[in-house]
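Only one structure is covered here, and it is reproduced in the block below.
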Amino acid sequence: MPSSPIPAEYAELARRLRAAEDRLFPLAMIDADRYQRALQMVGALARRLARAGDYPALAAAEGEMRGWLDDVGVSLDGLDPQLVIEAAMSQRFRELLTSYREQAVDRARAAGQEWAVVEDPDDAAWRGGSARWVDVHVPTGTVMV
C-alpha cells in the first residue's frame, strides 16, 4: 500500500493546487463580488473537469482549461485566471481522493474487514521524520488519522 493515495509524481501538483485555493478564496473577506465570481468560475470549470477520471487526466486538462474560461460567461475582471484554474483543479483532485477512500472502504467491506486502510506509511515516510496512517472504520465511516 502506498503511503498516500496521491501518487508521488502528483504530490507537487496537489500542493500547488491547494496553495491556489489558499490564495484565491480569502477574497470572501475583502471583495464579495470577486469572491462570488471566483466561486462561479471554479464551480463551472470543476464540473467540466468531472470527466478527468484520474490524476494523469486531471494534470493533462490544465493546458486546455484557459480556453474554457470564456465559456463560463463570468467576468474575470480582477481575478487571476491561473488561480481560478488551479482552484477548480483542486476541487476535482479532492473528488478523486474521496473516490479513492470510498473504493478502499468498499474493498475492505467486501473482504469482511472492520477497518479500511487509506494511507499506510512506507519506508520513505519514516526516513522523512514523520509517518501518517489513515484508516476508516467500515461500519461507521469514522476516520482515524
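Lettering and numbering for the C-alpha cells are positional, with chains as A, B, ... in the shown order, residues counted from 1 in each chain, and ligands counted from 1 in the shown order.
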Selection near Ala59 of chain A, 9 Å with only C-alpha atoms, sequence-local residues under 6 positions removed, as a PDB file with all heavy atoms, in the first residue's frame:
ATOM      1  N   TYR A  10       2.435  13.130  -8.405  1.00  0.00           N
ATOM      2  CA  TYR A  10       1.397  14.161  -8.386  1.00  0.00           C
ATOM      3  C   TYR A  10       1.341  14.909  -7.054  1.00  0.00           C
ATOM      4  O   TYR A  10       0.475  15.774  -6.868  1.00  0.00           O
ATOM      5  CB  TYR A  10       0.029  13.558  -8.725  1.00  0.00           C
ATOM      6  CG  TYR A  10       0.015  13.022 -10.127  1.00  0.00           C
ATOM      7  CD1 TYR A  10       0.141  11.658 -10.375  1.00  0.00           C
ATOM      8  CD2 TYR A  10      -0.045  13.884 -11.215  1.00  0.00           C
ATOM      9  CE1 TYR A  10       0.183  11.168 -11.671  1.00  0.00           C
ATOM     10  CE2 TYR A  10      -0.001  13.400 -12.504  1.00  0.00           C
ATOM     11  CZ  TYR A  10       0.109  12.041 -12.733  1.00  0.00           C
ATOM     12  OH  TYR A  10       0.158  11.573 -14.009  1.00  0.00           O
ATOM     13  N   LEU A  13       1.836  18.654  -7.622  1.00  0.00           N
ATOM     14  CA  LEU A  13       0.622  19.208  -8.215  1.00  0.00           C
ATOM     15  C   LEU A  13      -0.424  19.432  -7.124  1.00  0.00           C
ATOM     16  O   LEU A  13      -1.050  20.490  -7.071  1.00  0.00           O
ATOM     17  CB  LEU A  13       0.073  18.275  -9.295  1.00  0.00           C
ATOM     18  CG  LEU A  13      -1.266  18.686  -9.914  1.00  0.00           C
ATOM     19  CD1 LEU A  13      -1.136  20.002 -10.682  1.00  0.00           C
ATOM     20  CD2 LEU A  13      -1.801  17.573 -10.811  1.00  0.00           C
ATOM     21  N   ALA A  52     -12.335  14.114 -16.048  1.00  0.00           N
ATOM     22  CA  ALA A  52     -10.950  13.736 -15.733  1.00  0.00           C
ATOM     23  C   ALA A  52     -11.014  12.688 -14.627  1.00  0.00           C
ATOM     24  O   ALA A  52     -11.139  13.012 -13.456  1.00  0.00           O
ATOM     25  CB  ALA A  52     -10.137  14.953 -15.304  1.00  0.00           C
ATOM     26  N   MET A  89      -9.134  22.780 -10.396  1.00  0.00           N
ATOM     27  CA  MET A  89      -8.422  21.502 -10.427  1.00  0.00           C
ATOM     28  C   MET A  89      -8.318  20.915  -9.026  1.00  0.00           C
ATOM     29  O   MET A  89      -8.436  19.701  -8.841  1.00  0.00           O
ATOM     30  CB  MET A  89      -7.033  21.691 -11.034  1.00  0.00           C
ATOM     31  CG  MET A  89      -7.052  22.001 -12.516  1.00  0.00           C
ATOM     32  SD  MET A  89      -5.391  22.306 -13.172  1.00  0.00           S
ATOM     33  CE  MET A  89      -4.676  20.658 -13.019  1.00  0.00           C
TER      34      MET A  89
END
Show me, as number ranges by chain, the residues that have an atom within 8 Å of Leu17 of chain A when counting only C-alpha atoms, minus same-chain residues fewer than 6 positions from it.
A: 86-87, 89-90
Just-selected residues, N, CA, C and O atoms written as a compact mmCIF listing (two decimals), in the first residue's frame:
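Resulting contents of out_38.txt:
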# COMPACT_ATOMS: atom_id res chain seq x y z
N GLU A 86 -6.46 26.60 -11.19
CA GLU A 86 -5.88 25.69 -10.20
C GLU A 86 -6.85 25.39 -9.06
O GLU A 86 -6.87 24.27 -8.54
N ALA A 87 -7.68 26.35 -8.68
CA ALA A 87 -8.68 26.09 -7.63
C ALA A 87 -9.71 25.08 -8.13
O ALA A 87 -10.15 24.20 -7.37
N MET A 89 -9.13 22.78 -10.40
CA MET A 89 -8.42 21.50 -10.43
C MET A 89 -8.32 20.91 -9.03
O MET A 89 -8.44 19.70 -8.84
N SER A 90 -8.11 21.77 -8.03
CA SER A 90 -8.01 21.30 -6.66
C SER A 90 -9.31 20.66 -6.20
O SER A 90 -9.31 19.63 -5.52
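Atom to atom, atom CA of Glu119 of chain A and atom CA of Trp133 of chain A stand 5.1 Å apart.
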One-decimal distance in Å that lies between atom CA of Val105 of chain A and atom CA of Arg16 of chain A
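Atom CA of Arg16 of chain A sits 27.9 Å away from atom CA of Val105 of chain A.
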Taking 4 positions as the minimum chain separation for residues in the same chain, which residues sit within 8 Å of segment 18-28 of chain A when counting only C-alpha atoms? Answer as a ChimeraX atom specification.
/A:14,32,34-36,38,83-84,86-87,90
Per DSSP on the backbone, filter segment 15-137 of chain A down to the residues in strand (DSSP E) and report them as a PyMOL selection string.
chain A and resi 115-119+134-137
Save the residues we just selected, N, CA and C atoms, as a PDB file, in the first residue's frame?
ATOM      1  N   TRP A 115     -11.806  -2.500   9.310  1.00  0.00           N
ATOM      2  CA  TRP A 115     -11.098  -1.247   9.031  1.00  0.00           C
ATOM      3  C   TRP A 115     -10.558  -1.261   7.604  1.00  0.00           C
ATOM      4  N   ALA A 116     -10.661  -0.118   6.937  1.00  0.00           N
ATOM      5  CA  ALA A 116     -10.083   0.057   5.605  1.00  0.00           C
ATOM      6  C   ALA A 116      -8.846   0.930   5.743  1.00  0.00           C
ATOM      7  N   VAL A 117      -7.751   0.487   5.188  1.00  0.00           N
ATOM      8  CA  VAL A 117      -6.520   1.265   5.207  1.00  0.00           C
ATOM      9  C   VAL A 117      -6.529   2.202   4.005  1.00  0.00           C
ATOM     10  N   VAL A 118      -6.476   3.507   4.282  1.00  0.00           N
ATOM     11  CA  VAL A 118      -6.458   4.501   3.216  1.00  0.00           C
ATOM     12  C   VAL A 118      -5.040   4.999   2.983  1.00  0.00           C
ATOM     13  N   GLU A 119      -4.310   5.252   4.055  1.00  0.00           N
ATOM     14  CA  GLU A 119      -2.899   5.623   3.961  1.00  0.00           C
ATOM     15  C   GLU A 119      -2.136   4.788   4.974  1.00  0.00           C
ATOM     16  N   VAL A 134      -4.001   6.556   7.864  1.00  0.00           N
ATOM     17  CA  VAL A 134      -5.407   6.939   7.801  1.00  0.00           C
ATOM     18  C   VAL A 134      -6.190   5.653   7.569  1.00  0.00           C
ATOM     19  N   ASP A 135      -7.036   5.339   8.521  1.00  0.00           N
ATOM     20  CA  ASP A 135      -7.900   4.165   8.438  1.00  0.00           C
ATOM     21  C   ASP A 135      -9.351   4.618   8.585  1.00  0.00           C
ATOM     22  N   VAL A 136     -10.262   3.884   7.953  1.00  0.00           N
ATOM     23  CA  VAL A 136     -11.690   4.179   8.049  1.00  0.00           C
ATOM     24  C   VAL A 136     -12.372   2.958   8.646  1.00  0.00           C
ATOM     25  N   HIS A 137     -13.160   3.193   9.706  1.00  0.00           N
ATOM     26  CA  HIS A 137     -13.948   2.136  10.316  1.00  0.00           C
ATOM     27  C   HIS A 137     -15.115   1.839   9.383  1.00  0.00           C
TER      28      HIS A 137
END
